[in-house]
>>> print(open('data_34.json').read())   # JSON, C-alpha atoms
[["chain", "number", "residue", "atom", "x", "y", "z"],
["A", 1146, "ARG", "CA", -5.15, 26.55, -25.12],
["A", 1147, "TYR", "CA", -4.70, 27.96, -21.64],
["A", 1148, "ALA", "CA", -5.08, 24.48, -20.14],
["A", 1149, "ALA", "CA", -2.79, 22.81, -22.69],
["A", 1150, "GLU", "CA", -0.03, 25.31, -21.95],
["A", 1151, "ARG", "CA", -0.16, 24.13, -18.32],
["A", 1152, "ASP", "CA", -0.15, 20.42, -19.18],
["A", 1153, "MET", "CA", -3.81, 20.06, -18.25],
["A", 1154, "ALA", "CA", -6.79, 18.55, -20.04],
["A", 1155, "LEU", "CA", -10.37, 19.73, -19.68],
["A", 1156, "GLY", "CA", -13.42, 17.71, -18.77],
["A", 1157, "LEU", "CA", -17.16, 18.16, -18.48],
["A", 1158, "TRP", "CA", -20.04, 16.81, -16.43],
["A", 1159, "PHE", "CA", -22.51, 15.06, -18.74],
["A", 1160, "ASN", "CA", -25.93, 13.59, -18.05],
["A", 1161, "PRO", "CA", -27.13, 11.42, -20.96],
["A", 1162, "THR", "CA", -30.87, 11.48, -21.62],
["A", 1163, "ARG", "CA", -32.41, 8.49, -19.87],
["A", 1164, "ALA", "CA", -35.93, 8.91, -21.30],
["A", 1165, "ASP", "CA", -37.35, 5.70, -22.82],
["A", 1166, "SER", "CA", -34.41, 3.66, -21.51],
["A", 1167, "TYR", "CA", -31.76, 5.79, -23.27],
["A", 1168, "ALA", "CA", -33.47, 5.60, -26.64],
["A", 1169, "THR", "CA", -31.47, 8.66, -27.82],
["A", 1170, "TRP", "CA", -28.07, 7.30, -26.81],
["A", 1171, "GLU", "CA", -26.64, 7.75, -30.31],
["A", 1172, "ARG", "CA", -27.55, 11.45, -30.33],
["A", 1173, "ASP", "CA", -25.93, 11.91, -26.91],
["A", 1174, "ALA", "CA", -22.79, 10.08, -28.03],
["A", 1175, "ALA", "CA", -22.57, 12.41, -31.05],
["A", 1176, "ILE", "CA", -22.73, 15.43, -28.72],
["A", 1177, "VAL", "CA", -19.88, 14.10, -26.58],
["A", 1178, "LEU", "CA", -17.73, 13.23, -29.61],
["A", 1179, "ASP", "CA", -18.29, 16.70, -31.08],
["A", 1180, "LEU", "CA", -17.12, 18.33, -27.84],
["A", 1181, "HIS", "CA", -14.12, 16.01, -27.80],
["A", 1182, "GLN", "CA", -13.13, 16.77, -31.38],
["A", 1183, "ARG", "CA", -13.78, 20.52, -31.28],
["A", 1184, "TYR", "CA", -12.37, 21.39, -27.87],
["A", 1185, "ASP", "CA", -10.14, 18.40, -27.04],
["A", 1186, "MET", "CA", -12.37, 17.54, -24.10],
["A", 1187, "ARG", "CA", -11.16, 14.18, -22.84],
["A", 1188, "TYR", "CA", -12.93, 13.63, -19.52],
["A", 1189, "PHE", "CA", -16.69, 13.28, -19.25],
["A", 1190, "LYS", "CA", -18.08, 12.54, -15.81],
["A", 1191, "ILE", "CA", -21.25, 10.59, -16.55],
["A", 1192, "ASP", "CA", -23.94, 11.30, -13.95],
["A", 1193, "GLY", "CA", -27.65, 10.86, -13.43],
["A", 1194, "MET", "CA", -27.77, 7.36, -14.83],
["A", 1195, "GLU", "CA", -30.72, 5.05, -14.05],
["A", 1196, "LEU", "CA", -30.77, 1.48, -15.34],
["A", 1197, "PRO", "CA", -34.21, 0.13, -14.38],
["A", 1198, "ASP", "CA", -34.45, -2.45, -17.17],
["A", 1199, "LYS", "CA", -32.34, -4.44, -19.61],
["A", 1200, "ALA", "CA", -32.99, -2.01, -22.48],
["A", 1201, "ALA", "CA", -31.50, 0.87, -20.45],
["A", 1202, "ASP", "CA", -28.59, -1.33, -19.39],
["A", 1203, "ASP", "CA", -27.85, -2.34, -22.99],
["A", 1204, "ARG", "CA", -28.18, 1.14, -24.50],
["A", 1205, "PHE", "CA", -26.12, 2.81, -21.80],
["A", 1206, "ARG", "CA", -23.36, 0.26, -22.37],
["A", 1207, "ARG", "CA", -23.48, 0.91, -26.13],
["A", 1208, "PHE", "CA", -23.28, 4.68, -25.47],
["A", 1209, "CYS", "CA", -20.09, 4.26, -23.44],
["A", 1210, "GLU", "CA", -18.46, 1.68, -25.71],
["A", 1211, "HIS", "CA", -19.16, 3.80, -28.78],
["A", 1212, "LEU", "CA", -17.36, 6.76, -27.17],
["A", 1213, "LEU", "CA", -14.35, 4.64, -26.25],
["A", 1214, "GLU", "CA", -14.13, 3.06, -29.68],
["A", 1215, "ALA", "CA", -14.72, 6.25, -31.70],
["A", 1216, "SER", "CA", -12.13, 8.18, -29.68],
["A", 1217, "ARG", "CA", -9.68, 5.23, -29.75],
["A", 1218, "GLY", "CA", -9.54, 5.33, -25.98],
["A", 1219, "ASP", "CA", -8.78, 9.03, -25.77],
["A", 1220, "ILE", "CA", -12.02, 9.74, -23.89],
["A", 1221, "VAL", "CA", -12.12, 8.81, -20.19],
["A", 1222, "LEU", "CA", -15.47, 8.19, -18.53],
["A", 1223, "PRO", "CA", -15.68, 8.58, -14.74],
["A", 1224, "LEU", "CA", -18.99, 6.87, -13.95],
["A", 1225, "ASP", "CA", -20.87, 8.22, -10.93],
["A", 1226, "ALA", "CA", -21.95, 5.32, -8.69],
["A", 1227, "THR", "CA", -23.36, 7.34, -5.81],
["A", 1228, "ALA", "CA", -27.13, 6.83, -6.22],
["A", 1229, "GLY", "CA", -29.89, 4.93, -7.96],
["A", 1230, "GLN", "CA", -29.61, 1.79, -10.09],
["A", 1231, "ARG", "CA", -26.20, 2.39, -11.59],
["A", 1232, "LEU", "CA", -22.99, 0.73, -12.61],
["A", 1233, "GLY", "CA", -20.40, 0.35, -9.88],
["A", 1234, "TYR", "CA", -17.27, -1.64, -9.22],
["A", 1235, "HIS", "CA", -18.89, -5.05, -9.91],
["A", 1236, "TYR", "CA", -20.20, -4.63, -13.44],
["A", 1237, "LEU", "CA", -18.97, -3.29, -16.81],
["A", 1238, "THR", "CA", -15.83, -1.93, -15.20],
["A", 1239, "HIS", "CA", -14.09, -1.70, -18.59],
["A", 1240, "LEU", "CA", -16.23, 1.32, -19.44],
["A", 1241, "GLY", "CA", -14.42, 3.77, -17.17],
["A", 1242, "VAL", "CA", -13.29, 4.60, -13.66],
["A", 1243, "THR", "CA", -15.76, 4.67, -10.78],
["A", 1244, "PHE", "CA", -16.64, 7.95, -9.08],
["A", 1245, "LEU", "CA", -17.16, 6.34, -5.72],
["A", 1246, "GLN", "CA", -18.73, 8.75, -3.27],
["A", 1247, "ASN", "CA", -20.27, 12.17, -2.68],
["A", 1248, "ARG", "CA", -19.16, 13.51, 0.69],
["A", 1249, "TYR", "CA", -19.06, 17.18, 1.57],
["A", 1250, "THR", "CA", -17.93, 19.37, 4.43],
["A", 1251, "ASP", "CA", -21.21, 21.27, 3.87],
["A", 1252, "TRP", "CA", -23.00, 18.24, 5.34],
["A", 1253, "ALA", "CA", -20.17, 17.41, 7.76],
["A", 1254, "ASN", "CA", -20.09, 13.87, 6.34],
["A", 1255, "TYR", "CA", -16.59, 14.04, 4.83],
["A", 1256, "TYR", "CA", -13.78, 12.66, 6.97],
["A", 1257, "PRO", "CA", -10.36, 11.65, 5.66],
["A", 1258, "HIS", "CA", -10.40, 8.45, 7.71],
["A", 1259, "THR", "CA", -13.77, 7.26, 6.33],
["A", 1260, "THR", "CA", -12.60, 7.90, 2.78],
["A", 1261, "LEU", "CA", -9.43, 5.95, 3.58],
["A", 1262, "ARG", "CA", -11.46, 3.11, 5.09],
["A", 1263, "ASN", "CA", -13.70, 2.87, 2.01],
["A", 1264, "LEU", "CA", -10.65, 2.59, -0.24],
["A", 1265, "TRP", "CA", -8.81, 0.18, 2.08],
["A", 1266, "MET", "CA", -11.79, -2.18, 2.36],
["A", 1267, "LEU", "CA", -12.54, -2.16, -1.37],
["A", 1268, "ALA", "CA", -8.89, -2.68, -2.29],
["A", 1269, "HIS", "CA", -9.19, -6.29, -1.10],
["A", 1270, "TYR", "CA", -11.45, -6.92, -4.11],
["A", 1271, "VAL", "CA", -11.30, -3.97, -6.53],
["A", 1272, "PRO", "CA", -8.18, -2.57, -8.23],
["A", 1273, "PRO", "CA", -7.77, 0.85, -6.53],
["A", 1274, "GLU", "CA", -6.57, 2.42, -9.78],
["A", 1275, "ARG", "CA", -10.14, 1.95, -11.06],
["A", 1276, "LEU", "CA", -11.59, 4.15, -8.29],
["A", 1277, "GLN", "CA", -11.74, 7.94, -8.09],
["A", 1278, "ILE", "CA", -11.09, 8.87, -4.45],
["A", 1279, "GLU", "CA", -11.76, 12.41, -3.33],
["A", 1280, "PHE", "CA", -9.87, 14.86, -1.15],
["A", 1281, "LEU", "CA", -11.53, 18.10, -0.14],
["A", 1282, "ASN", "CA", -10.75, 21.67, 0.88],
["A", 1283, "LEU", "CA", -10.12, 20.90, 4.56],
["A", 1284, "TRP", "CA", -10.49, 24.52, 5.64],
["A", 1285, "ARG", "CA", -13.96, 24.95, 4.16],
["A", 1286, "ASN", "CA", -16.89, 24.66, 6.58],
["A", 1287, "ALA", "CA", -14.60, 23.91, 9.52],
["A", 1288, "ASP", "CA", -17.33, 25.27, 11.82],
["A", 1289, "ALA", "CA", -19.68, 22.48, 10.67],
["A", 1290, "TYR", "CA", -17.70, 20.03, 12.82],
["A", 1291, "ARG", "CA", -17.46, 19.92, 16.61],
["A", 1292, "ALA", "CA", -14.55, 21.94, 17.94],
["A", 1293, "ASP", "CA", -13.40, 18.95, 20.01],
["A", 1294, "ASP", "CA", -13.68, 16.40, 17.16],
["A", 1295, "PRO", "CA", -10.16, 14.88, 16.90],
["A", 1296, "LEU", "CA", -10.88, 13.52, 13.42],
["A", 1297, "ALA", "CA", -12.42, 16.65, 11.86],
["A", 1298, "PRO", "CA", -10.97, 17.30, 8.39],
["A", 1299, "VAL", "CA", -9.18, 20.47, 9.46],
["A", 1300, "ARG", "CA", -7.08, 18.38, 11.89],
["A", 1301, "SER", "CA", -5.42, 16.61, 8.96],
["A", 1302, "PRO", "CA", -2.62, 18.22, 6.94],
["A", 1303, "PHE", "CA", -3.59, 18.80, 3.31],
["A", 1304, "ASP", "CA", -0.80, 16.57, 2.02],
["A", 1305, "TYR", "CA", -2.11, 13.72, 4.22],
["A", 1306, "ALA", "CA", -5.62, 14.05, 2.78],
["A", 1307, "PHE", "CA", -4.09, 13.92, -0.70],
["A", 1308, "ALA", "CA", -1.85, 10.95, 0.23],
["A", 1309, "ILE", "CA", -4.93, 8.86, 1.08],
["A", 1310, "THR", "CA", -5.81, 8.91, -2.64],
["A", 1311, "LEU", "CA", -2.39, 8.07, -4.10],
["A", 1312, "VAL", "CA", -2.97, 4.41, -4.93],
["A", 1313, "ALA", "CA", -6.30, 5.27, -6.58],
["A", 1314, "GLN", "CA", -7.28, 8.06, -8.98],
["A", 1315, "PRO", "CA", -6.99, 11.25, -6.88],
["A", 1316, "LEU", "CA", -10.00, 13.51, -7.23],
["A", 1317, "ALA", "CA", -9.51, 17.12, -6.10],
["A", 1318, "TRP", "CA", -13.14, 17.68, -5.12],
["A", 1319, "PHE", "CA", -13.10, 21.46, -4.62],
["A", 1320, "GLU", "CA", -12.77, 24.80, -6.35],
["A", 1321, "ALA", "CA", -9.06, 25.56, -6.40],
["A", 1322, "SER", "CA", -9.88, 29.28, -6.22],
["A", 1323, "GLY", "CA", -11.31, 28.66, -2.73],
["A", 1324, "LEU", "CA", -8.12, 27.18, -1.27],
["A", 1325, "PRO", "CA", -5.96, 29.18, 1.14],
["A", 1326, "GLU", "CA", -2.43, 29.95, 0.01],
["A", 1327, "GLU", "CA", -0.94, 27.32, 2.33],
["A", 1328, "ALA", "CA", -2.76, 24.57, 0.41],
["A", 1329, "PHE", "CA", -0.51, 25.06, -2.61],
["A", 1330, "ALA", "CA", 2.47, 23.79, -0.62],
["A", 1331, "ILE", "CA", 1.50, 20.31, -1.84],
["A", 1332, "ALA", "CA", 2.38, 21.26, -5.46],
["A", 1333, "PRO", "CA", 5.81, 19.53, -5.38],
["A", 1334, "LEU", "CA", 4.18, 16.33, -4.08],
["A", 1335, "VAL", "CA", 1.52, 16.48, -6.81],
["A", 1336, "ARG", "CA", 4.18, 16.93, -9.50],
["A", 1337, "LEU", "CA", 6.22, 14.01, -8.16],
["A", 1338, "TYR", "CA", 3.13, 11.84, -7.94],
["A", 1339, "ARG", "CA", 2.19, 12.52, -11.55],
["A", 1340, "GLU", "CA", 5.59, 11.13, -12.55],
["A", 1341, "LEU", "CA", 5.23, 8.06, -10.33],
["A", 1342, "GLN", "CA", 1.56, 7.27, -10.86],
["A", 1343, "PRO", "CA", 2.05, 4.96, -13.89],
["A", 1344, "GLN", "CA", 4.66, 2.97, -11.95],
["A", 1345, "ILE", "CA", 2.50, 2.66, -8.82],
["A", 1346, "HIS", "CA", -0.56, 1.67, -10.83],
["A", 1347, "ALA", "CA", 1.45, -0.94, -12.72],
["A", 1348, "GLY", "CA", 1.62, -2.91, -9.48],
["A", 1349, "HIS", "CA", -0.88, -5.22, -7.85],
["A", 1350, "ILE", "CA", -2.18, -2.89, -5.11],
["A", 1351, "LEU", "CA", -3.44, -4.38, -1.86],
["A", 1352, "PRO", "CA", -4.16, -3.02, 1.63],
["A", 1353, "ILE", "CA", -1.69, -3.51, 4.46],
["A", 1354, "GLY", "CA", -1.67, -2.66, 8.16],
["A", 1355, "ASP", "CA", -4.84, -2.31, 10.20],
["A", 1356, "GLU", "CA", -8.32, -1.44, 9.02],
["A", 1357, "PRO", "CA", -8.54, 2.37, 9.21],
["A", 1358, "ASP", "CA", -10.79, 3.89, 11.85],
["A", 1359, "GLY", "CA", -9.00, 7.19, 12.44],
["A", 1360, "HIS", "CA", -6.62, 5.77, 15.08],
["A", 1361, "ARG", "CA", -4.54, 3.11, 13.32],
["A", 1362, "TRP", "CA", -1.37, 2.50, 11.31],
["A", 1363, "THR", "CA", -2.43, 1.41, 7.85],
["A", 1364, "GLY", "CA", -1.49, 1.64, 4.19],
["A", 1365, "PHE", "CA", -1.12, -0.03, 0.81],
["A", 1366, "GLN", "CA", 1.49, -2.09, -1.01],
["A", 1367, "ALA", "CA", 1.91, -1.98, -4.80],
["A", 1368, "ILE", "CA", 3.64, -5.22, -5.76],
["A", 1369, "LEU", "CA", 5.56, -4.84, -9.04],
["A", 1370, "ASP", "CA", 7.26, -8.26, -8.96],
["A", 1371, "ASP", "CA", 8.51, -10.82, -6.47],
["A", 1372, "SER", "CA", 11.11, -8.45, -5.01],
["A", 1373, "SER", "CA", 10.11, -4.82, -5.58],
["A", 1374, "GLY", "CA", 7.30, -2.31, -5.42],
["A", 1375, "PHE", "CA", 5.97, 0.63, -3.44],
["A", 1376, "ILE", "CA", 4.64, 0.97, 0.10],
["A", 1377, "LEU", "CA", 2.40, 3.80, 1.29],
["A", 1378, "VAL", "CA", 2.19, 3.80, 5.08],
["A", 1379, "LEU", "CA", -0.19, 6.12, 6.93],
["A", 1380, "ARG", "CA", -0.28, 6.95, 10.61],
["A", 1381, "GLU", "CA", -3.76, 8.06, 11.60],
["A", 1382, "ASN", "CA", -4.41, 9.73, 14.97],
["A", 1383, "HIS", "CA", -2.31, 7.09, 16.75],
["A", 1384, "PRO", "CA", -0.16, 7.91, 19.81],
["A", 1385, "ALA", "CA", 2.98, 5.93, 18.86],
["A", 1386, "ASP", "CA", 5.74, 7.36, 16.64],
["A", 1387, "THR", "CA", 6.98, 3.85, 15.79],
["A", 1388, "HIS", "CA", 4.79, 0.89, 15.00],
["A", 1389, "PRO", "CA", 4.90, -2.52, 13.25],
["A", 1390, "VAL", "CA", 2.76, -2.66, 10.12],
["A", 1391, "GLY", "CA", 1.58, -5.93, 8.60],
["A", 1392, "THR", "CA", 2.80, -6.27, 5.01],
["A", 1393, "LEU", "CA", 2.72, -8.70, 2.10],
["A", 1394, "LEU", "CA", 6.50, -9.06, 2.14],
["A", 1395, "PRO", "CA", 8.07, -12.49, 2.71],
["A", 1396, "ALA", "CA", 8.49, -13.32, 6.38],
["A", 1397, "GLY", "CA", 12.07, -13.14, 7.59],
["A", 1398, "CYS", "CA", 13.47, -11.25, 4.61],
["A", 1399, "SER", "CA", 15.57, -8.08, 4.57],
["A", 1400, "VAL", "CA", 14.23, -5.21, 2.55],
["A", 1401, "GLU", "CA", 15.80, -2.00, 1.28],
["A", 1402, "LEU", "CA", 13.49, 0.99, 1.75],
["A", 1403, "SER", "CA", 14.04, 4.12, -0.36],
["A", 1404, "PRO", "CA", 11.86, 7.04, 0.76],
["A", 1405, "VAL", "CA", 10.16, 8.81, -2.14],
["A", 1406, "TRP", "CA", 8.17, 11.30, -0.06],
["A", 1407, "PRO", "CA", 9.28, 12.80, 2.22],
["A", 1408, "GLU", "CA", 12.84, 12.39, 1.01],
["A", 1409, "GLY", "CA", 15.24, 10.56, 3.28],
["A", 1410, "PRO", "CA", 18.17, 8.17, 3.39],
["A", 1411, "VAL", "CA", 17.85, 4.60, 2.15],
["A", 1412, "ARG", "CA", 17.46, 2.22, 5.07],
["A", 1413, "LEU", "CA", 17.36, -1.52, 5.65],
["A", 1414, "GLY", "CA", 14.45, -3.23, 7.36],
["A", 1415, "ARG", "CA", 13.81, -6.74, 8.61],
["A", 1416, "VAL", "CA", 10.42, -8.36, 8.07],
["A", 1417, "GLU", "CA", 9.35, -10.30, 11.15],
["A", 1418, "ASN", "CA", 7.90, -13.80, 11.11],
["A", 1419, "ASP", "CA", 4.39, -12.33, 11.35],
["A", 1420, "ARG", "CA", 5.28, -10.32, 8.20],
["A", 1421, "THR", "CA", 5.27, -7.00, 10.02],
["A", 1422, "LEU", "CA", 7.79, -4.28, 9.25],
["A", 1423, "GLU", "CA", 8.46, -1.44, 11.64],
["A", 1424, "PHE", "CA", 7.93, 2.15, 10.48],
["A", 1425, "ARG", "CA", 8.49, 5.50, 12.13],
["A", 1426, "LEU", "CA", 6.38, 8.60, 11.45],
["A", 1427, "PRO", "CA", 6.85, 11.77, 13.49],
["A", 1428, "ALA", "CA", 3.26, 12.90, 14.07],
["A", 1429, "PRO", "CA", -0.38, 11.84, 13.86],
["A", 1430, "PHE", "CA", -1.86, 12.23, 10.39],
["A", 1431, "SER", "CA", 1.43, 11.71, 8.59],
["A", 1432, "PHE", "CA", 2.56, 9.34, 5.85],
["A", 1433, "GLU", "CA", 5.52, 7.98, 3.92],
["A", 1434, "LEU", "CA", 5.74, 6.72, 0.34],
["A", 1435, "LEU", "CA", 8.65, 4.33, -0.26],
["A", 1436, "ARG", "CA", 10.11, 2.10, -2.90],
["A", 1437, "TYR", "CA", 11.07, -1.28, -1.54],
["A", 1438, "ARG", "CA", 13.41, -4.01, -2.75],
["A", 1439, "VAL", "CA", 13.93, -7.40, -1.16],
["A", 1440, "VAL", "CA", 17.70, -7.73, -0.79],
["A", 1441, "ALA", "CA", 17.95, -10.96, 1.20],
["A", 1442, "PRO", "CA", 15.57, -13.90, 0.99],
["A", 1443, "SER", "CA", 13.69, -15.13, 3.98],
["A", 1444, "GLY", "CA", 15.16, -17.75, 6.22],
["A", 1445, "PRO", "CA", 13.38, -20.63, 7.93],
["A", 1446, "THR", "CA", 10.12, -19.49, 9.46],
["A", 1447, "ASN", "CA", 7.01, -20.92, 11.01],
["A", 1448, "SER", "CA", 4.82, -18.13, 9.65],
["A", 1449, "PRO", "CA", 1.77, -18.98, 7.55],
["A", 1450, "PRO", "CA", 2.02, -18.87, 3.74],
["A", 1451, "ALA", "CA", 1.26, -15.68, 1.84],
["A", 1452, "PRO", "CA", -2.43, -15.08, 1.20]]
>>> encode(input="data_34.json", output="structure tokens")
Amino acid sequence: RYAAERDMALGLWFNPTRADSYATWERDAAIVLDLHQRYDMRYFKIDGMELPDKAADDRFRRFCEHLLEASRGDIVLPLDATAGQRLGYHYLTHLGVTFLQNRYTDWANYYPHTTLRNLWMLAHYVPPERLQIEFLNLWRNADAYRADDPLAPVRSPFDYAFAITLVAQPLAWFEASGLPEEAFAIAPLVRLYRELQPQIHAGHILPIGDEPDGHRWTGFQAILDDSSGFILVLRENHPADTHPVGTLLPAGCSVELSPVWPEGPVRLGRVENDRTLEFRLPAPFSFELLRYRVVAPSGPTNSPPAP
């Protein structure tokens, strides 16, 4: 009740019994459905899976499909793909969203730019809305990173770490009770994003700009139709305030850009023959989410055709 009053749903971590190639999958499915019906649990992160043979593969699939069918799609299954012989983004993707990676500041192996690169590279082939992408408590374990590391998590603003996940399924991978007060300044952005998420995910989302490495201008474009969509542009730790970003917009066209976050005046841009569009961001580790609309078709150009 407490969660429902705050427009939240509850979820649980669940590890189905893999003994004898998931021979007891029906019992485990009954447990999940009981929790769903009694407590309105909707999200079950499925972990610990091992699929060493075809029997395990078949029974695990039946376990998931039974939950989806019996709940009429009300249950969501984030499937952990971080270890072992498991499902991932190549196989049985209709069963749920993919929990992509386990990175922690405890081990000093979480960096915003590596998370961004994973998503950017996969987005060439995998719909980003099918991937859970994590953002962490950037203040936690700051001393685990070198003091002179320019890409250490604490160097990034919290809203930037969150922005990296916007075209995917954002995963707040932390205990909210451990956040400093300043972290909650992103609440207005989170609320706005929850309103926009269905629209962004309705588009065909593809990477734009340069491959992230911590020092580039990069981003994503959600193409809704031939003339409109969303652009998320991210400036990593790059020295220039203004930079051309390669897009999937028609070469030579004029485009109306309406900033969604941060708010700003509508502006007109011109897409160059190499399909780049110039953006301005005031500081390293900053971003802009925009709606775009092609307002004038492209003229004659010698640029290559769209990929």
>>> residues_around(input="data_34.json", residues="Ala1149 in chain A", least_positions_apart="3", cutoff="12 Å", atoms="all atoms listed in the file", output="VMD selection string")
chain A and resid 1146 1152 to 1155 1184 to 1186
>>> atom_distance(input="data_34.json", atom1="CA of Ala1317 in chain A", atom2="CA of Gln1366 in chain A")
22.7 Å
>>> closest_residue(input="data_34.json", among="A:Pro1352, A:Arg1151, A:Leu1434, A:Pro1315", to="Trp1265 in chain A", atoms="all atoms listed in the file")
A:Pro1352
>>> atom_distance(input="data_34.json", atom1="CA of Gly1359 in chain A", atom2="CA of Ala1313 in chain A")
19.3 Å
>>> closest_residue(input="data_34.json", among="A:His1388, A:Arg1183, A:Arg1262, A:Arg1438", to="Glu1356 in chain A", atoms="all atoms listed in the file")
A:Arg1262
>>> atom_distance(input="data_34.json", atom1="CA of Ser1166 in chain A", atom2="CA of Ala1200 in chain A")
5.9 Å
>>> closest_residue(input="data_34.json", among="A:Ser1301, A:Ser1399, A:Thr1387, A:Ser1431", to="Asn1282 in chain A", atoms="all atoms listed in the file")
A:Ser1301
>>> residues_around(input="data_34.json", residues="Glu1274 in chain A", least_positions_apart="2", cutoff="8 Å", atoms="only C-alpha atoms", output="list in words")
Pro1272, Leu1276, Gln1277, Val1312, Ala1313, Gln1314 and His1346 of chain A
>>> residues_near_point(input="data_34.json", point="(-23.4, 14.0, -15.1)", cutoff="10 Å", atoms="all atoms listed in the file", output="list in words")
Leu1157, Trp1158, Phe1159, Asn1160, Pro1161, Phe1189, Lys1190, Ile1191, Asp1192, Gly1193, Met1194, Pro1223, Leu1224 and Asp1225 of chain A
>>> closest_residue(input="data_34.json", among="A:Val1405, A:Ile1368, A:Ala1228, A:Ala1289", to="Glu1340 in chain A", atoms="only C-alpha atoms")
A:Val1405
>>> residues_around(input="data_34.json", residues="Pro1407 in chain A", least_positions_apart="5", cutoff="10 Å", atoms="all atoms listed in the file", output="PDB file with C-alpha atoms, in the coordinates of the input")
ATOM      1  CA  LEU A1334       4.180  16.330  -4.080  1.00  0.00           C
ATOM      2  CA  PHE A1432       2.560   9.340   5.850  1.00  0.00           C
ATOM      3  CA  GLU A1433       5.520   7.980   3.920  1.00  0.00           C
ATOM      4  CA  LEU A1434       5.740   6.720   0.340  1.00  0.00           C
ATOM      5  CA  LEU A1435       8.650   4.330  -0.260  1.00  0.00           C
TER       6      LEU A1435
END
>>> closest_residue(input="data_34.json", among="A:Ile1350, A:Val1390, A:Ala1328, A:Leu1283", to="Tyr1255 in chain A", atoms="only C-alpha atoms")
A:Leu1283
>>> closest_residue(input="data_34.json", among="A:Arg1204, A:Arg1436, A:Leu1212, A:Ala1148", to="Asp1179 in chain A", atoms="all atoms listed in the file")
A:Leu1212
>>> residues_near_point(input="data_34.json", point="(-4.7, 16.1, 1.7)", cutoff="10 Å", atoms="all atoms listed in the file", output="list in words")
Pro1257, Glu1279, Phe1280, Leu1281, Asn1282, Leu1283, Pro1298, Val1299, Ser1301, Pro1302, Phe1303, Asp1304, Tyr1305, Ala1306, Phe1307, Ala1308, Ile1309, Thr1310, Ala1317, Ala1328, Ile1331 and Phe1430 of chain A
>>> axis_aligned_box(input="data_34.json", around="range 1175-1179 of chain A", padding_each_side="6 Å", output="JSON")
{"center_x": -20.2, "center_y": 14.6, "center_z": -28.8, "size_x": 17.0, "size_y": 16.3, "size_z": 16.5}
>>> residues_around(input="data_34.json", residues="Gly1348 in chain A", least_positions_apart="6", cutoff="9 Å", atoms="only C-alpha atoms", output="list in words")
Gln1366, Ala1367, Ile1368, Leu1369, Asp1370, Gly1374 and Phe1375 of chain A
>>> residues_around(input="data_34.json", residues="Gly1354 in chain A", least_positions_apart="6", cutoff="6 Å", atoms="only C-alpha atoms", output="ChimeraX atom specification")
/A:1363-1364,1390-1391
